[in-house]
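Okay, structure first, notes after.
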Amino acid sequence: MKRAPSTYEIIWETIRHIPKGKVTTYGEVAEQSGLPRQARLVGYALHNTPHGLDIPWHRVINSQGKISLPKQNGSYAKQKKLLLKEGIVFTGDKIDLKKYGWLRRLKNRK
DNA sequence: AACGTGACAAGGC
DNA sequence: AGCCTTGCCACGT
């Protein structure tokens with residue numbers, strides 16, 4: 001029998017749909033996955049992404065338009081390189097979400 | 001089975 | 001702009 005998809009699998013599936021040349025935030029992925037306000041879970045899921053899984057993990061950035069990876073170990077540079085290759089422009093260390101954001105950021109607070 | 005942790009986000013200063 | 005606090009919840013110990 002088919003087991004229900006785990007929370008991680010739902011998140012990975014959402015990320016798989018982000019088009020090339022666009023970026024989105026952790027919070028938005030959470031929302032699109034039906035897990036509102038659980039951005040941290042998205043980060044956790046990404047951190048645990050299996051190697052074989054082919055998803056555009058680099059298109060996920062934080063709500064400030066910045067890369068959320070440490071600059072020390074090179075993973076920051078790796079993500080930036082992948083984004084630059086897709087034509088995304090950095091202003092300093094930030095990306096303009098209004099310009100490159102996948103979907104509009106909806107604030108469904110309240 | 002409780003507890004600390006985390007590739008986050010929003011609000012208050 | 002930057003720092004601090006709080007809300008969030010699946011996971012590994």
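So you can find residues: chains in the structure tokens are A, B, ... in the order shown, residues in each start at 1, and ligands are numbered from 1 in order.
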
Which residues come within 12 Å of DT5 in chain B, counting only C-alpha atoms (C1' of nucleotides), excluding same-chain residues fewer than 4 positions away, as a PyMOL selection string? (chain A and resi 40-41+44) or (chain C and resi 9-13)

Set the cut-off to 6 Å and count only C-alpha atoms (C1' of nucleotides): what are the residues of chain A that reach chain B? Output as a PyMOL selection string. chain A and resi 39-40+43+68-69

Create the file for the chosen residues now, containing C-alpha atoms and written as a JSON list (two decimals), in the first residue's frame.
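out02.json written:
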```json
[["chain", "number", "residue", "atom", "x", "y", "z"],
["A", 39, "ALA", "CA", 9.26, 28.03, 7.19],
["A", 40, "ARG", "CA", 11.71, 26.37, 9.56],
["A", 43, "GLY", "CA", 14.90, 24.62, 5.94],
["A", 68, "SER", "CA", 20.62, 31.42, 4.16],
["A", 69, "LEU", "CA", 23.74, 29.32, 3.98]]
```

List every residue of chain A that has an atom at most 12 Å from any atom of chain C, giving for each one its closest atom pair and the distance in Å to one decimal, counting only C-alpha atoms (C1' of nucleotides), sorted by chain and then by ascending residue number, as a tab-separated table.
```
residue	atom	partner	partner_atom	distance
A:Ser6	CA	C:DA10	C1'	10.1
A:Thr7	CA	C:DA10	C1'	8.2
A:Tyr8	CA	C:DA10	C1'	9.2
A:Gly27	CA	C:DC8	C1'	11.2
A:Ala30	CA	C:DC8	C1'	11.3
A:Leu35	CA	C:DC8	C1'	10.1
A:Pro36	CA	C:DC8	C1'	9.3
A:Arg37	CA	C:DC8	C1'	6.6
A:Gln38	CA	C:DC8	C1'	5.6
A:Ala39	CA	C:DC8	C1'	8.0
A:Arg40	CA	C:DC8	C1'	7.4
A:Leu41	CA	C:DA10	C1'	7.2
A:Val42	CA	C:DA10	C1'	10.5
A:Gly43	CA	C:DA10	C1'	11.5
A:Tyr44	CA	C:DA10	C1'	8.6
A:Ala45	CA	C:DA10	C1'	9.3
A:Asn48	CA	C:DC11	C1'	10.6
A:Arg109	CA	C:DG7	C1'	11.9
```

Taking 5 positions as the minimum chain separation for residues in the same chain, which residues sit within 9 Å of Gln79 in chain A when counting only C-alpha atoms (C1' of nucleotides)? Answer as a short mmCIF file (atom, residue, chain, number, x, y, z; two decimals) with all heavy atoms, in the first residue's frame.
```
data_model
loop_
_atom_site.label_atom_id
_atom_site.label_comp_id
_atom_site.auth_asym_id
_atom_site.auth_seq_id
_atom_site.Cartn_x
_atom_site.Cartn_y
_atom_site.Cartn_z
N TRP A 57 16.99 23.11 -5.29
CA TRP A 57 17.12 23.58 -3.91
C TRP A 57 17.69 25.00 -3.84
O TRP A 57 17.39 25.76 -2.94
CB TRP A 57 18.04 22.63 -3.13
CG TRP A 57 19.41 22.53 -3.71
CD1 TRP A 57 19.81 21.66 -4.67
CD2 TRP A 57 20.53 23.37 -3.42
NE1 TRP A 57 21.14 21.90 -4.98
CE2 TRP A 57 21.60 22.95 -4.24
CE3 TRP A 57 20.75 24.45 -2.55
CZ2 TRP A 57 22.86 23.56 -4.22
CZ3 TRP A 57 21.99 25.05 -2.52
CH2 TRP A 57 23.03 24.61 -3.35
N HIS A 58 18.49 25.36 -4.82
CA HIS A 58 19.14 26.67 -4.78
C HIS A 58 18.18 27.83 -5.03
O HIS A 58 18.54 28.97 -4.80
CB HIS A 58 20.27 26.69 -5.82
CG HIS A 58 19.81 26.40 -7.21
ND1 HIS A 58 19.54 25.12 -7.64
CD2 HIS A 58 19.51 27.22 -8.24
CE1 HIS A 58 19.14 25.18 -8.91
NE2 HIS A 58 19.10 26.43 -9.29
N ARG A 59 16.98 27.53 -5.50
CA ARG A 59 16.02 28.61 -5.75
C ARG A 59 15.25 29.02 -4.50
O ARG A 59 14.31 29.80 -4.58
CB ARG A 59 15.04 28.20 -6.86
CG ARG A 59 15.76 28.01 -8.18
CD ARG A 59 14.85 27.58 -9.30
NE ARG A 59 15.65 27.16 -10.46
CZ ARG A 59 15.32 26.16 -11.29
NH1 ARG A 59 14.19 25.52 -11.13
NH2 ARG A 59 16.12 25.86 -12.28
N ILE A 67 20.71 34.58 0.72
CA ILE A 67 21.01 33.16 0.84
C ILE A 67 21.20 32.83 2.31
O ILE A 67 21.91 33.53 3.02
CB ILE A 67 22.30 32.83 0.05
CG1 ILE A 67 22.00 32.93 -1.45
CG2 ILE A 67 22.82 31.45 0.42
CD1 ILE A 67 23.23 32.73 -2.32
N LEU A 69 22.69 30.30 3.70
CA LEU A 69 23.74 29.32 3.98
C LEU A 69 24.98 30.04 4.49
O LEU A 69 25.20 31.19 4.14
CB LEU A 69 24.07 28.54 2.71
CG LEU A 69 23.00 27.56 2.24
CD1 LEU A 69 23.34 27.02 0.86
CD2 LEU A 69 22.88 26.42 3.22
N GLY A 74 31.66 27.21 1.80
CA GLY A 74 31.56 27.18 0.35
C GLY A 74 30.17 26.91 -0.18
O GLY A 74 29.93 27.04 -1.37
N LEU A 84 23.30 32.68 -10.32
CA LEU A 84 23.86 33.58 -11.33
C LEU A 84 23.76 32.95 -12.71
O LEU A 84 23.46 33.60 -13.70
CB LEU A 84 25.32 33.89 -11.01
CG LEU A 84 25.56 34.81 -9.81
CD1 LEU A 84 27.05 34.88 -9.48
CD2 LEU A 84 25.02 36.20 -10.09
#
```

As a PyMOL selection string, please: all residues of chain A that backbone DSSP puts in alpha helix (DSSP H). chain A and resi 7-16+26-32+39-47+75-85+97-100

Restricted to C-alpha atoms, what would the selected residues look like written as a PDB file, in the first residue's frame?
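The resulting file, result.pdb, is shown below:
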```
ATOM      1  CA  THR A   7       6.131  16.282   5.349  1.00  0.00           C
ATOM      2  CA  TYR A   8       9.551  16.372   3.744  1.00  0.00           C
ATOM      3  CA  GLU A   9       8.260  14.792   0.556  1.00  0.00           C
ATOM      4  CA  ILE A  10       5.495  17.360   0.272  1.00  0.00           C
ATOM      5  CA  ILE A  11       8.039  20.138   0.648  1.00  0.00           C
ATOM      6  CA  TRP A  12      10.448  18.663  -1.872  1.00  0.00           C
ATOM      7  CA  GLU A  13       7.623  18.294  -4.360  1.00  0.00           C
ATOM      8  CA  THR A  14       6.710  21.959  -3.996  1.00  0.00           C
ATOM      9  CA  ILE A  15      10.304  23.020  -4.569  1.00  0.00           C
ATOM     10  CA  ARG A  16      10.439  20.868  -7.675  1.00  0.00           C
ATOM     11  CA  TYR A  26      11.154  29.297   2.756  1.00  0.00           C
ATOM     12  CA  GLY A  27       7.888  30.700   4.019  1.00  0.00           C
ATOM     13  CA  GLU A  28       6.346  30.612   0.583  1.00  0.00           C
ATOM     14  CA  VAL A  29       7.341  27.010   0.028  1.00  0.00           C
ATOM     15  CA  ALA A  30       5.767  26.168   3.365  1.00  0.00           C
ATOM     16  CA  GLU A  31       2.580  27.912   2.382  1.00  0.00           C
ATOM     17  CA  GLN A  32       2.417  26.297  -1.028  1.00  0.00           C
ATOM     18  CA  ALA A  39       9.264  28.026   7.194  1.00  0.00           C
ATOM     19  CA  ARG A  40      11.708  26.372   9.563  1.00  0.00           C
ATOM     20  CA  LEU A  41      10.457  23.006   8.501  1.00  0.00           C
ATOM     21  CA  VAL A  42      11.356  23.826   4.917  1.00  0.00           C
ATOM     22  CA  GLY A  43      14.899  24.622   5.939  1.00  0.00           C
ATOM     23  CA  TYR A  44      15.018  21.405   7.901  1.00  0.00           C
ATOM     24  CA  ALA A  45      13.707  19.394   4.965  1.00  0.00           C
ATOM     25  CA  LEU A  46      16.229  20.938   2.600  1.00  0.00           C
ATOM     26  CA  HIS A  47      19.044  20.214   4.966  1.00  0.00           C
ATOM     27  CA  SER A  75      27.900  26.238   0.187  1.00  0.00           C
ATOM     28  CA  TYR A  76      26.983  29.919  -0.008  1.00  0.00           C
ATOM     29  CA  ALA A  77      29.175  30.399  -3.058  1.00  0.00           C
ATOM     30  CA  LYS A  78      27.807  27.240  -4.608  1.00  0.00           C
ATOM     31  CA  GLN A  79      24.225  28.441  -4.355  1.00  0.00           C
ATOM     32  CA  LYS A  80      25.101  31.894  -5.607  1.00  0.00           C
ATOM     33  CA  LYS A  81      26.852  30.443  -8.597  1.00  0.00           C
ATOM     34  CA  LEU A  82      23.852  28.325  -9.549  1.00  0.00           C
ATOM     35  CA  LEU A  83      21.573  31.349  -9.299  1.00  0.00           C
ATOM     36  CA  LEU A  84      23.858  33.582 -11.325  1.00  0.00           C
ATOM     37  CA  LYS A  85      23.938  30.916 -13.981  1.00  0.00           C
ATOM     38  CA  LEU A  97      12.215  39.344  -4.679  1.00  0.00           C
ATOM     39  CA  LYS A  98       9.795  41.646  -6.461  1.00  0.00           C
ATOM     40  CA  LYS A  99      11.647  40.985  -9.647  1.00  0.00           C
ATOM     41  CA  TYR A 100      12.686  37.368  -9.320  1.00  0.00           C
TER      42      TYR A 100
END
```

If you measure from CA of Leu103 in chain A to CA of Phe90 in chain A, what distance in Å do you get, rounded to one decimal?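 Here the two named atoms are 18.7 Å from each other.
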